file final20.csv (CSV, C-alpha atoms)
chain,number,residue,atom,x,y,z
A,309,MET,CA,33.4,-20.8,-13.0
A,310,ALA,CA,29.7,-19.9,-13.5
A,311,SER,CA,29.2,-20.0,-9.8
A,312,LEU,CA,32.1,-17.6,-9.2
A,313,VAL,CA,30.3,-15.1,-11.5
A,314,ALA,CA,27.1,-15.8,-9.5
A,315,PHE,CA,28.9,-14.9,-6.2
A,316,PHE,CA,30.2,-11.7,-7.7
A,317,ILE,CA,26.8,-10.6,-9.2
A,318,SER,CA,24.9,-11.3,-5.9
A,319,GLY,CA,27.6,-9.4,-4.0
A,320,LEU,CA,27.1,-6.5,-6.4
A,321,LEU,CA,23.3,-6.5,-5.9
A,322,PHE,CA,23.8,-6.7,-2.2
A,323,GLY,CA,26.2,-3.8,-2.1
A,324,LEU,CA,23.9,-1.7,-4.3
A,325,GLY,CA,21.0,-2.5,-2.0
A,326,LEU,CA,22.9,-1.4,1.1
A,327,ALA,CA,23.7,1.9,-0.6
A,328,VAL,CA,20.3,2.5,-2.1
A,329,SER,CA,18.7,1.8,1.3
A,330,GLN,CA,21.3,4.0,3.1
A,331,MET,CA,22.0,1.1,5.4
A,332,VAL,CA,25.7,1.7,4.6
A,333,ASN,CA,25.5,5.0,6.5
A,334,PRO,CA,26.1,4.6,10.3
A,335,ALA,CA,24.3,7.9,11.1
A,336,LYS,CA,21.2,6.5,9.4
A,337,VAL,CA,21.4,3.2,11.3
A,338,LEU,CA,21.9,4.9,14.6
A,339,ALA,CA,18.8,7.2,13.9
A,340,PHE,CA,16.8,4.0,13.3
A,341,LEU,CA,18.0,2.4,16.5
A,342,ASP,CA,17.4,5.6,18.5
A,343,VAL,CA,13.7,4.8,19.2
A,344,ALA,CA,13.6,7.2,22.2
A,345,GLY,CA,15.1,10.1,20.2
A,346,ASP,CA,14.3,11.7,16.8
A,347,TRP,CA,13.4,8.2,15.5
A,348,ASP,CA,13.9,7.5,11.8
A,349,PRO,CA,12.0,4.2,11.1
A,350,SER,CA,13.3,4.0,7.5
A,351,LEU,CA,15.5,1.0,8.0
A,352,ALA,CA,12.5,-1.1,9.2
A,353,PHE,CA,11.5,-0.9,5.5
A,354,VAL,CA,14.8,-2.4,4.4
A,355,MET,CA,14.0,-5.6,6.3
A,356,ALA,CA,10.4,-5.4,5.0
A,357,GLY,CA,11.6,-5.0,1.4
A,358,ALA,CA,14.2,-7.8,1.7
A,359,LEU,CA,11.7,-10.2,3.2
A,360,MET,CA,9.0,-9.3,0.7
A,361,VAL,CA,11.4,-10.7,-2.0
A,362,ALA,CA,13.3,-13.4,0.0
A,363,LEU,CA,10.4,-15.1,1.8
A,364,PRO,CA,8.5,-16.2,-1.4
A,365,ALA,CA,11.7,-16.7,-3.3
A,366,PHE,CA,13.2,-19.0,-0.7
A,367,HIS,CA,9.9,-20.9,-0.5
A,368,PHE,CA,10.1,-21.7,-4.2
A,369,ILE,CA,13.9,-22.3,-4.2
A,370,PHE,CA,13.6,-24.9,-1.5
A,371,ARG,CA,11.1,-26.9,-3.6
A,372,ARG,CA,14.0,-27.7,-5.9
A,373,GLU,CA,16.2,-30.7,-5.5
A,374,GLY,CA,19.2,-28.4,-5.2
A,375,PRO,CA,20.7,-25.2,-6.5
A,376,VAL,CA,21.3,-24.5,-10.2
A,377,LEU,CA,25.1,-24.5,-10.2
A,378,THR,CA,26.2,-26.7,-7.3
A,379,PRO,CA,25.1,-30.1,-6.2
A,380,LYS,CA,23.4,-29.2,-2.9
A,381,PHE,CA,22.3,-26.4,-0.6
A,382,SER,CA,24.8,-25.4,2.1
A,383,LEU,CA,22.5,-24.5,5.0
A,384,PRO,CA,23.2,-23.9,8.7
A,385,LEU,CA,22.7,-27.2,10.6
A,386,ARG,CA,22.0,-25.9,14.1
A,387,GLN,CA,18.4,-25.6,15.2
A,388,GLU,CA,18.6,-25.0,18.9
A,389,ILE,CA,18.3,-21.7,20.6
A,390,ASP,CA,21.3,-22.0,23.0
A,391,PRO,CA,23.1,-19.5,25.3
A,392,ARG,CA,25.9,-19.0,22.7
A,393,LEU,CA,23.4,-17.8,20.1
A,394,LEU,CA,21.7,-15.4,22.5
A,395,LEU,CA,25.0,-14.1,24.1
A,396,GLY,CA,26.6,-13.7,20.7
A,397,ALA,CA,23.5,-11.8,19.3
A,398,ALA,CA,23.5,-9.6,22.4
A,399,LEU,CA,27.2,-8.7,22.1
A,400,PHE,CA,26.8,-8.1,18.4
A,401,GLY,CA,23.9,-5.7,19.1
A,402,ILE,CA,26.1,-3.7,21.5
A,403,GLY,CA,28.8,-3.3,18.9
A,404,TRP,CA,26.3,-2.4,16.3
A,405,GLY,CA,24.6,0.2,18.5
A,406,LEU,CA,28.0,1.7,19.5
A,407,VAL,CA,29.1,2.5,15.9
A,408,GLY,CA,26.2,1.9,13.6
A,409,LEU,CA,28.0,-0.7,11.4
A,410,CYS,CA,27.1,-4.4,11.0
A,411,PRO,CA,29.2,-6.7,8.9
A,412,GLY,CA,27.7,-6.1,5.4
A,413,PRO,CA,27.7,-2.3,5.6
A,414,ALA,CA,31.1,-2.4,7.2
A,415,VAL,CA,32.5,-4.0,4.0
A,416,ALA,CA,30.3,-1.9,1.6
A,417,SER,CA,31.3,1.3,3.3
A,418,LEU,CA,34.9,0.8,2.0
A,419,ALA,CA,33.5,2.4,-1.1
A,420,TYR,CA,33.4,5.7,0.8
A,421,PHE,CA,37.2,5.6,1.6
A,422,LYS,CA,37.2,6.4,5.3
A,423,ASP,CA,39.9,5.4,7.8
A,424,SER,CA,37.2,4.8,10.4
A,425,THR,CA,35.6,1.9,8.5
A,426,VAL,CA,38.9,0.3,7.9
A,427,ILE,CA,39.7,0.4,11.6
A,428,PHE,CA,36.3,-1.0,12.4
A,429,LEU,CA,36.8,-3.9,9.9
A,430,LEU,CA,40.2,-4.7,11.3
A,431,ALA,CA,38.7,-4.8,14.8
A,432,LEU,CA,35.9,-7.0,13.5
A,433,PHE,CA,38.4,-9.5,12.1
A,434,ALA,CA,40.3,-9.4,15.4
A,435,GLY,CA,37.0,-10.2,17.3
A,436,MET,CA,36.4,-13.2,15.0
A,437,GLY,CA,40.0,-14.3,15.5
A,438,LEU,CA,39.5,-14.1,19.3
A,439,HIS,CA,36.4,-16.3,19.1
A,440,ARG,CA,38.3,-18.8,16.9
A,441,PHE,CA,41.3,-18.8,19.3
A,442,PHE,CA,39.4,-19.2,22.5
A,443,LEU,CA,36.1,-20.9,21.8
A,444,LYS,CA,36.4,-22.9,18.5
A,445,PRO,CA,38.1,-26.0,20.0
A,446,ARG,CA,35.2,-26.6,22.4
A,447,ASP,CA,32.6,-26.3,19.6
B,1232,MET,CA,11.4,12.4,11.2
B,1233,GLU,CA,12.5,14.7,8.4
B,1234,ASN,CA,15.0,12.1,7.1
B,1235,PHE,CA,12.3,9.4,6.7
B,1236,THR,CA,13.1,7.6,3.4
B,1237,PRO,CA,10.7,4.6,3.2
B,1238,TYR,CA,10.8,4.2,-0.6
B,1239,SER,CA,14.5,4.0,-1.1
B,1240,ALA,CA,14.7,1.8,2.0
B,1241,LEU,CA,12.1,-0.6,0.5
B,1242,ALA,CA,13.8,-0.6,-2.9
B,1243,GLY,CA,17.3,-1.2,-1.3
B,1244,GLY,CA,15.8,-3.9,0.8
B,1245,ALA,CA,14.2,-5.6,-2.2
B,1246,LEU,CA,17.7,-5.6,-3.9
B,1247,ILE,CA,19.2,-7.2,-0.8
B,1248,GLY,CA,16.4,-9.8,-0.8
B,1249,ALA,CA,16.9,-10.4,-4.5
B,1250,SER,CA,20.7,-10.8,-4.0
B,1251,SER,CA,20.1,-13.4,-1.2
B,1252,ALA,CA,17.6,-15.3,-3.4
B,1253,LEU,CA,19.9,-15.3,-6.4
B,1254,LEU,CA,22.8,-16.6,-4.3
B,1255,LEU,CA,20.7,-19.4,-2.8
B,1256,TRP,CA,19.1,-20.4,-6.1
B,1257,LEU,CA,22.4,-20.5,-8.0
B,1258,THR,CA,25.0,-21.6,-5.5
B,1259,GLY,CA,22.9,-23.0,-2.6
B,1260,ARG,CA,24.6,-20.6,-0.1
B,1261,ILE,CA,23.2,-18.3,2.5
B,1262,ALA,CA,24.1,-14.6,2.1
B,1263,GLY,CA,25.3,-14.2,5.7
B,1264,ILE,CA,28.1,-11.6,5.6
B,1265,SER,CA,29.6,-12.4,9.0
B,1266,GLY,CA,29.9,-16.1,7.9
B,1267,ILE,CA,31.5,-15.1,4.6
B,1268,LEU,CA,34.0,-12.8,6.4
B,1269,GLY,CA,34.7,-15.4,9.1
B,1270,GLY,CA,35.5,-18.0,6.4
B,1271,LEU,CA,38.4,-15.8,5.3
B,1272,LEU,CA,40.2,-16.5,8.6
B,1273,SER,CA,40.0,-20.2,8.2
B,1274,LEU,CA,42.9,-21.2,6.1
B,1275,SER,CA,42.0,-24.8,5.8
B,1276,GLY,CA,38.3,-24.2,5.0
B,1277,GLY,CA,38.8,-23.5,1.3
B,1278,GLY,CA,36.3,-21.4,-0.6
B,1279,LEU,CA,38.6,-18.3,-0.6
B,1280,ALA,CA,37.8,-17.3,-4.2
B,1281,TRP,CA,34.0,-17.1,-3.9
B,1282,ARG,CA,34.2,-15.3,-0.6
B,1283,VAL,CA,36.5,-12.7,-2.0
B,1284,LEU,CA,34.4,-12.3,-5.2
B,1285,PHE,CA,31.2,-11.8,-3.2
B,1286,LEU,CA,32.9,-9.2,-0.9
B,1287,ALA,CA,34.4,-7.4,-3.8
B,1288,GLY,CA,31.0,-7.3,-5.4
B,1289,LEU,CA,29.7,-5.8,-2.2
B,1290,VAL,CA,32.1,-2.9,-2.4
B,1291,ILE,CA,31.9,-2.5,-6.1
B,1292,GLY,CA,28.0,-2.4,-5.9
B,1293,THR,CA,28.3,0.5,-3.6
B,1294,VAL,CA,31.0,2.1,-5.8
B,1295,LEU,CA,28.6,1.8,-8.8
B,1296,TYR,CA,25.9,3.5,-6.7
B,1297,ARG,CA,28.2,6.4,-6.1
B,1298,VAL,CA,29.5,6.6,-9.7
B,1299,GLY,CA,25.9,6.4,-10.9
B,1300,GLY,CA,25.1,9.6,-8.9
B,1301,GLY,CA,23.2,8.0,-6.0
B,1302,PRO,CA,21.9,10.6,-3.5
B,1303,LEU,CA,24.0,9.3,-0.6
B,1304,THR,CA,27.1,11.2,-1.5
B,1305,ASP,CA,28.9,10.6,1.9
B,1306,ILE,CA,28.4,8.6,5.0
B,1307,THR,CA,28.7,9.9,8.6
B,1308,ILE,CA,30.6,8.0,11.3
B,1309,THR,CA,31.1,10.0,14.5
B,1310,SER,CA,32.6,7.3,16.7
B,1311,SER,CA,36.1,7.9,18.2
B,1312,THR,CA,38.9,5.4,17.4
B,1313,PRO,CA,38.6,3.5,20.7
B,1314,LEU,CA,34.9,3.2,20.2
B,1315,LEU,CA,35.4,1.9,16.6
B,1316,ILE,CA,37.8,-0.7,18.0
B,1317,VAL,CA,35.5,-1.8,20.8
B,1318,GLY,CA,32.5,-1.9,18.5
B,1319,GLY,CA,34.4,-3.8,15.8
B,1320,LEU,CA,35.6,-6.4,18.4
B,1321,LEU,CA,32.1,-6.9,19.7
B,1322,VAL,CA,30.6,-7.2,16.3
B,1323,GLY,CA,33.3,-9.7,15.2
B,1324,PHE,CA,33.2,-11.8,18.4
B,1325,GLY,CA,29.4,-11.6,18.8
B,1326,THR,CA,28.6,-12.6,15.2
B,1327,ALA,CA,31.1,-15.5,15.4
B,1328,LEU,CA,29.6,-16.7,18.7
B,1329,GLY,CA,26.0,-16.2,17.6
B,1330,ARG,CA,26.8,-17.5,14.1
B,1331,GLY,CA,25.2,-14.7,12.1
B,1332,CYS,CA,24.4,-11.0,11.7
B,1333,THR,CA,21.8,-8.8,10.2
B,1334,SER,CA,22.0,-10.5,6.9
B,1335,GLY,CA,22.4,-14.2,7.9
B,1336,HIS,CA,19.9,-14.2,10.8
B,1337,GLY,CA,17.9,-11.1,10.1
B,1338,ILE,CA,17.1,-11.7,6.4
B,1339,CYS,CA,18.1,-15.2,5.2
B,1340,GLY,CA,17.2,-16.8,8.6
B,1341,LEU,CA,13.8,-15.1,8.8
B,1342,ALA,CA,13.1,-15.9,5.1
B,1343,ARG,CA,13.8,-19.6,6.0
B,1344,LEU,CA,11.4,-19.3,8.9
B,1345,SER,CA,14.1,-20.3,11.3
B,1346,PRO,CA,13.1,-19.9,15.0
B,1347,ARG,CA,16.8,-19.7,15.9
B,1348,SER,CA,17.3,-16.7,13.6
B,1349,LEU,CA,14.2,-15.1,14.9
B,1350,ALA,CA,15.5,-15.3,18.4
B,1351,ALA,CA,18.9,-13.9,17.4
B,1352,THR,CA,17.3,-11.1,15.4
B,1353,LEU,CA,15.1,-10.0,18.3
B,1354,VAL,CA,18.1,-10.1,20.7
B,1355,PHE,CA,20.5,-8.1,18.6
B,1356,MET,CA,17.8,-5.5,17.6
B,1357,ALA,CA,16.9,-5.1,21.3
B,1358,SER,CA,20.5,-4.9,22.5
B,1359,ALA,CA,21.4,-2.4,19.8
B,1360,ALA,CA,18.5,-0.2,20.6
B,1361,VAL,CA,19.3,-0.4,24.4
B,1362,THR,CA,23.0,0.5,23.6
B,1363,VAL,CA,21.9,3.5,21.6
B,1364,PHE,CA,19.6,4.6,24.3
B,1365,VAL,CA,22.3,4.3,27.0
B,1366,ALA,CA,24.9,6.0,24.8
B,1367,ARG,CA,22.7,8.9,23.6
B,1368,HIS,CA,20.2,9.5,26.4
B,1369,LEU,CA,21.9,8.4,29.6
B,1370,VAL,CA,25.7,8.8,29.0
B,1371,GLY,CA,25.8,11.2,26.2
B,1372,SER,CA,23.3,13.8,27.3

call {"tool": "encode", "arguments": {"input": "final20.csv", "output": "structure tokens"}}
result
Amino acid sequence: MASLVAFFISGLLFGLGLAVSQMVNPAKVLAFLDVAGDWDPSLAFVMAGALMVALPAFHFIFRREGPVLTPKFSLPLRQEIDPRLLLGAALFGIGWGLVGLCPGPAVASLAYFKDSTVIFLLALFAGMGLHRFFLKPRD
Amino acid sequence: MENFTPYSALAGGALIGASSALLLWLTGRIAGISGILGGLLSLSGGGLAWRVLFLAGLVIGTVLYRVGGGPLTDITITSSTPLLIVGGLLVGFGTALGRGCTSGHGICGLARLSPRSLAATLVFMASAAVTVFVARHLVGS
């Protein structure tokens, strides 16, 4: 139960951060990605701000035996830099660059009640479903 | 660069970093949004409640910002419907194949000093920038 509250609170903080930083606004994201145009470097500061907190915090958290509310850490097991990682990241980048939404802001932007973000999210789920349908069995 | 907003970007980023740290510290989980979304599609995987609560928090956090009078009163999306669909499909398929997005690889992965996440982050940043360049300066001009 306590961990369910923890999930909600961290989601809340995350959503607040996406709004405060304006990462939730596709126009802002595209202005950041448009390095050859009227470049707005603001969103580089989002990553800087996040890492300034998360880097030292993670360092101390990983010194613990485990998390506070659950028995152990659930971390990604893969280590290798394989073609799937690179191809997946490249395809993701194309989609991100076409619209200006990545998964977190796509969800948070629902708070602005726009049909376009709902369409994008449905397509995102469809893309994940296609991956599951075609590629998961060989994983 | 009249829209340059480094302070709010830093502050928002710090909130995102704090959220990721809180989640890892309390629950042992990585705040990777594409992974959390992808888990909703796996009916056998379990963990539906926490995923829904985190995602609800994500939306409500942004709602609170709006209700609290945050300066970003609206967002701007100019993509046509076909472009929204193609973009969404690519983001969904790509993050599933590459196992992570801006949050999972770009923030949590880098904070864990994972070479895999660094590689993914460099690739999706570069590919997004090239896409915008092509769309805005080669095709769109």

call {"tool": "atom_distance", "arguments": {"input": "final20.csv", "atom1": "CA of Gly1329 in chain B", "atom2": "CA of Ser382 in chain A"}}
result
18.1 Å

call {"tool": "closest_residue", "arguments": {"input": "final20.csv", "among": "A:Gly437, A:Leu393, A:Trp404, A:Pro411", "to": "Ala1350 in chain B", "atoms": "only C-alpha atoms"}}
result
A:Leu393

call {"tool": "residues_around", "arguments": {"input": "final20.csv", "residues": "Gly1270 in chain B", "least_positions_apart": "4", "cutoff": "12 Å", "atoms": "all atoms listed in the file", "output": "list in words"}}
result
Phe433, Met436, Gly437 and Arg440 of chain A; Gly1263, Ile1264, Ser1265, Gly1266, Leu1274, Ser1275, Gly1276, Gly1277, Gly1278, Leu1279, Ala1280, Trp1281, Arg1282, Val1283, Leu1286, Ala1327 and Arg1330 of chain B

call {"tool": "closest_atom_pairs", "arguments": {"input": "final20.csv", "of": "range 321-432 of chain A", "to": "range 1296-1318 of chain B", "cutoff": "12 Å", "atoms": "all atoms listed in the file", "output": "Markdown table"}}
result
| residue | atom | partner | partner_atom | distance |
| --- | --- | --- | --- | --- |
| A:Leu321 | CA | B:Tyr1296 | CA | 10.4 |
| A:Phe322 | CA | B:Tyr1296 | CA | 11.3 |
| A:Gly323 | CA | B:Tyr1296 | CA | 8.6 |
| A:Leu324 | CA | B:Tyr1296 | CA | 6.1 |
| A:Gly325 | CA | B:Tyr1296 | CA | 9.1 |
| A:Leu326 | CA | B:Tyr1296 | CA | 9.7 |
| A:Ala327 | CA | B:Tyr1296 | CA | 6.7 |
| A:Val328 | CA | B:Tyr1296 | CA | 7.3 |
| A:Ser329 | CA | B:Leu1303 | CA | 9.4 |
| A:Gln330 | CA | B:Leu1303 | CA | 7.0 |
| A:Met331 | CA | B:Ile1306 | CA | 9.9 |
| A:Val332 | CA | B:Ile1306 | CA | 7.4 |
| A:Asn333 | CA | B:Ile1306 | CA | 4.9 |
| A:Pro334 | CA | B:Ile1308 | CA | 5.7 |
| A:Ala335 | CA | B:Thr1307 | CA | 5.4 |
| A:Lys336 | CA | B:Thr1307 | CA | 8.3 |
| A:Val337 | CA | B:Thr1307 | CA | 10.3 |
| A:Leu338 | CA | B:Ile1308 | CA | 9.8 |
| A:Ala339 | CA | B:Thr1307 | CA | 11.5 |
| A:Leu399 | CA | B:Gly1318 | CA | 9.3 |
| A:Phe400 | CA | B:Gly1318 | CA | 8.4 |
| A:Gly401 | CA | B:Gly1318 | CA | 9.4 |
| A:Ile402 | CA | B:Gly1318 | CA | 7.3 |
| A:Gly403 | CA | B:Gly1318 | CA | 4.0 |
| A:Trp404 | CA | B:Gly1318 | CA | 6.6 |
| A:Gly405 | CA | B:Gly1318 | CA | 8.2 |
| A:Leu406 | CA | B:Gly1318 | CA | 5.8 |
| A:Val407 | CA | B:Ser1310 | CA | 6.0 |
| A:Gly408 | CA | B:Ile1308 | CA | 7.9 |
| A:Leu409 | CA | B:Gly1318 | CA | 8.5 |
| A:Cys410 | CA | B:Gly1318 | CA | 9.6 |
| A:Pro411 | CA | B:Gly1318 | CA | 11.2 |
| A:Pro413 | CA | B:Ile1306 | CA | 10.9 |
| A:Ala414 | CA | B:Ile1308 | CA | 11.2 |
| A:Ala416 | CA | B:Tyr1296 | CA | 10.8 |
| A:Ser417 | CA | B:Ile1306 | CA | 8.0 |
| A:Leu418 | CA | B:Ile1306 | CA | 10.6 |
| A:Ala419 | CA | B:Arg1297 | CA | 8.3 |
| A:Tyr420 | CA | B:Asp1305 | CA | 6.7 |
| A:Phe421 | CA | B:Asp1305 | CA | 9.7 |
| A:Lys422 | CA | B:Ile1308 | CA | 9.1 |
| A:Asp423 | CA | B:Thr1312 | CA | 9.7 |
| A:Ser424 | CA | B:Leu1315 | CA | 7.1 |
| A:Thr425 | CA | B:Leu1315 | CA | 8.1 |
| A:Val426 | CA | B:Leu1315 | CA | 9.5 |
| A:Ile427 | CA | B:Leu1315 | CA | 6.8 |
| A:Phe428 | CA | B:Leu1315 | CA | 5.2 |
| A:Leu429 | CA | B:Ile1316 | CA | 8.8 |
| A:Leu430 | CA | B:Ile1316 | CA | 8.2 |
| A:Ala431 | CA | B:Ile1316 | CA | 5.3 |
| A:Leu432 | CA | B:Gly1318 | CA | 7.9 |

call {"tool": "write_last_selection", "arguments": {"input": "final20.csv", "atoms": "C-alpha atoms", "output": "PDB file, in the frame of the given file"}}
result
ATOM      1  CA  LEU A 321      23.300  -6.500  -5.900  1.00  0.00           C
ATOM      2  CA  PHE A 322      23.800  -6.700  -2.200  1.00  0.00           C
ATOM      3  CA  GLY A 323      26.200  -3.800  -2.100  1.00  0.00           C
ATOM      4  CA  LEU A 324      23.900  -1.700  -4.300  1.00  0.00           C
ATOM      5  CA  GLY A 325      21.000  -2.500  -2.000  1.00  0.00           C
ATOM      6  CA  LEU A 326      22.900  -1.400   1.100  1.00  0.00           C
ATOM      7  CA  ALA A 327      23.700   1.900  -0.600  1.00  0.00           C
ATOM      8  CA  VAL A 328      20.300   2.500  -2.100  1.00  0.00           C
ATOM      9  CA  SER A 329      18.700   1.800   1.300  1.00  0.00           C
ATOM     10  CA  GLN A 330      21.300   4.000   3.100  1.00  0.00           C
ATOM     11  CA  MET A 331      22.000   1.100   5.400  1.00  0.00           C
ATOM     12  CA  VAL A 332      25.700   1.700   4.600  1.00  0.00           C
ATOM     13  CA  ASN A 333      25.500   5.000   6.500  1.00  0.00           C
ATOM     14  CA  PRO A 334      26.100   4.600  10.300  1.00  0.00           C
ATOM     15  CA  ALA A 335      24.300   7.900  11.100  1.00  0.00           C
ATOM     16  CA  LYS A 336      21.200   6.500   9.400  1.00  0.00           C
ATOM     17  CA  VAL A 337      21.400   3.200  11.300  1.00  0.00           C
ATOM     18  CA  LEU A 338      21.900   4.900  14.600  1.00  0.00           C
ATOM     19  CA  ALA A 339      18.800   7.200  13.900  1.00  0.00           C
ATOM     20  CA  LEU A 399      27.200  -8.700  22.100  1.00  0.00           C
ATOM     21  CA  PHE A 400      26.800  -8.100  18.400  1.00  0.00           C
ATOM     22  CA  GLY A 401      23.900  -5.700  19.100  1.00  0.00           C
ATOM     23  CA  ILE A 402      26.100  -3.700  21.500  1.00  0.00           C
ATOM     24  CA  GLY A 403      28.800  -3.300  18.900  1.00  0.00           C
ATOM     25  CA  TRP A 404      26.300  -2.400  16.300  1.00  0.00           C
ATOM     26  CA  GLY A 405      24.600   0.200  18.500  1.00  0.00           C
ATOM     27  CA  LEU A 406      28.000   1.700  19.500  1.00  0.00           C
ATOM     28  CA  VAL A 407      29.100   2.500  15.900  1.00  0.00           C
ATOM     29  CA  GLY A 408      26.200   1.900  13.600  1.00  0.00           C
ATOM     30  CA  LEU A 409      28.000  -0.700  11.400  1.00  0.00           C
ATOM     31  CA  CYS A 410      27.100  -4.400  11.000  1.00  0.00           C
ATOM     32  CA  PRO A 411      29.200  -6.700   8.900  1.00  0.00           C
ATOM     33  CA  PRO A 413      27.700  -2.300   5.600  1.00  0.00           C
ATOM     34  CA  ALA A 414      31.100  -2.400   7.200  1.00  0.00           C
ATOM     35  CA  ALA A 416      30.300  -1.900   1.600  1.00  0.00           C
ATOM     36  CA  SER A 417      31.300   1.300   3.300  1.00  0.00           C
ATOM     37  CA  LEU A 418      34.900   0.800   2.000  1.00  0.00           C
ATOM     38  CA  ALA A 419      33.500   2.400  -1.100  1.00  0.00           C
ATOM     39  CA  TYR A 420      33.400   5.700   0.800  1.00  0.00           C
ATOM     40  CA  PHE A 421      37.200   5.600   1.600  1.00  0.00           C
ATOM     41  CA  LYS A 422      37.200   6.400   5.300  1.00  0.00           C
ATOM     42  CA  ASP A 423      39.900   5.400   7.800  1.00  0.00           C
ATOM     43  CA  SER A 424      37.200   4.800  10.400  1.00  0.00           C
ATOM     44  CA  THR A 425      35.600   1.900   8.500  1.00  0.00           C
ATOM     45  CA  VAL A 426      38.900   0.300   7.900  1.00  0.00           C
ATOM     46  CA  ILE A 427      39.700   0.400  11.600  1.00  0.00           C
ATOM     47  CA  PHE A 428      36.300  -1.000  12.400  1.00  0.00           C
ATOM     48  CA  LEU A 429      36.800  -3.900   9.900  1.00  0.00           C
ATOM     49  CA  LEU A 430      40.200  -4.700  11.300  1.00  0.00           C
ATOM     50  CA  ALA A 431      38.700  -4.800  14.800  1.00  0.00           C
ATOM     51  CA  LEU A 432      35.900  -7.000  13.500  1.00  0.00           C
TER      52      LEU A 432
END

call {"tool": "atom_distance", "arguments": {"input": "final20.csv", "atom1": "CA of Gln387 in chain A", "atom2": "CA of Gly374 in chain A"}}
result
20.6 Å

call {"tool": "build_atoms", "arguments": {"input": "final20.csv", "residues": "range 373-385 of chain A", "atoms": "N, CA, C and O atoms", "output": "PDB file, in the frame of the given file"}}
result
ATOM      1  N   GLU A 373      15.322 -29.681  -5.991  1.00  0.00           N
ATOM      2  CA  GLU A 373      16.200 -30.700  -5.500  1.00  0.00           C
ATOM      3  C   GLU A 373      17.500 -30.109  -4.929  1.00  0.00           C
ATOM      4  O   GLU A 373      18.074 -30.580  -3.959  1.00  0.00           O
ATOM      5  N   GLY A 374      17.956 -29.077  -5.605  1.00  0.00           N
ATOM      6  CA  GLY A 374      19.200 -28.400  -5.200  1.00  0.00           C
ATOM      7  C   GLY A 374      19.362 -27.138  -5.991  1.00  0.00           C
ATOM      8  O   GLY A 374      18.514 -26.795  -6.815  1.00  0.00           O
ATOM      9  N   PRO A 375      20.452 -26.415  -5.721  1.00  0.00           N
ATOM     10  CA  PRO A 375      20.700 -25.200  -6.500  1.00  0.00           C
ATOM     11  C   PRO A 375      21.056 -25.458  -7.932  1.00  0.00           C
ATOM     12  O   PRO A 375      21.284 -26.597  -8.311  1.00  0.00           O
ATOM     13  N   VAL A 376      21.120 -24.400  -8.724  1.00  0.00           N
ATOM     14  CA  VAL A 376      21.300 -24.500 -10.200  1.00  0.00           C
ATOM     15  C   VAL A 376      22.781 -24.953 -10.488  1.00  0.00           C
ATOM     16  O   VAL A 376      23.015 -25.838 -11.315  1.00  0.00           O
ATOM     17  N   LEU A 377      23.744 -24.307  -9.814  1.00  0.00           N
ATOM     18  CA  LEU A 377      25.100 -24.500 -10.200  1.00  0.00           C
ATOM     19  C   LEU A 377      25.972 -25.393  -9.376  1.00  0.00           C
ATOM     20  O   LEU A 377      27.102 -25.727  -9.729  1.00  0.00           O
ATOM     21  N   THR A 378      25.458 -25.780  -8.214  1.00  0.00           N
ATOM     22  CA  THR A 378      26.200 -26.700  -7.300  1.00  0.00           C
ATOM     23  C   THR A 378      25.313 -27.846  -6.925  1.00  0.00           C
ATOM     24  O   THR A 378      24.095 -27.753  -7.043  1.00  0.00           O
ATOM     25  N   PRO A 379      25.904 -28.952  -6.436  1.00  0.00           N
ATOM     26  CA  PRO A 379      25.100 -30.100  -6.200  1.00  0.00           C
ATOM     27  C   PRO A 379      24.040 -29.985  -5.080  1.00  0.00           C
ATOM     28  O   PRO A 379      22.945 -30.517  -5.189  1.00  0.00           O
ATOM     29  N   LYS A 380      24.391 -29.279  -3.978  1.00  0.00           N
ATOM     30  CA  LYS A 380      23.400 -29.200  -2.900  1.00  0.00           C
ATOM     31  C   LYS A 380      23.437 -27.889  -2.149  1.00  0.00           C
ATOM     32  O   LYS A 380      24.412 -27.151  -2.223  1.00  0.00           O
ATOM     33  N   PHE A 381      22.345 -27.640  -1.406  1.00  0.00           N
ATOM     34  CA  PHE A 381      22.300 -26.400  -0.600  1.00  0.00           C
ATOM     35  C   PHE A 381      23.263 -26.561   0.594  1.00  0.00           C
ATOM     36  O   PHE A 381      23.441 -27.648   1.149  1.00  0.00           O
ATOM     37  N   SER A 382      23.916 -25.441   0.959  1.00  0.00           N
ATOM     38  CA  SER A 382      24.800 -25.400   2.100  1.00  0.00           C
ATOM     39  C   SER A 382      24.086 -24.568   3.193  1.00  0.00           C
ATOM     40  O   SER A 382      24.225 -23.347   3.204  1.00  0.00           O
ATOM     41  N   LEU A 383      23.346 -25.226   4.068  1.00  0.00           N
ATOM     42  CA  LEU A 383      22.500 -24.500   5.000  1.00  0.00           C
ATOM     43  C   LEU A 383      23.060 -24.699   6.454  1.00  0.00           C
ATOM     44  O   LEU A 383      23.680 -25.720   6.740  1.00  0.00           O
ATOM     45  N   PRO A 384      22.794 -23.728   7.348  1.00  0.00           N
ATOM     46  CA  PRO A 384      23.200 -23.900   8.700  1.00  0.00           C
ATOM     47  C   PRO A 384      22.490 -25.145   9.320  1.00  0.00           C
ATOM     48  O   PRO A 384      21.306 -25.358   9.078  1.00  0.00           O
ATOM     49  N   LEU A 385      23.263 -25.962  10.067  1.00  0.00           N
ATOM     50  CA  LEU A 385      22.700 -27.200  10.600  1.00  0.00           C
ATOM     51  C   LEU A 385      22.041 -27.036  11.942  1.00  0.00           C
ATOM     52  O   LEU A 385      21.176 -27.799  12.324  1.00  0.00           O
TER      53      LEU A 385
END
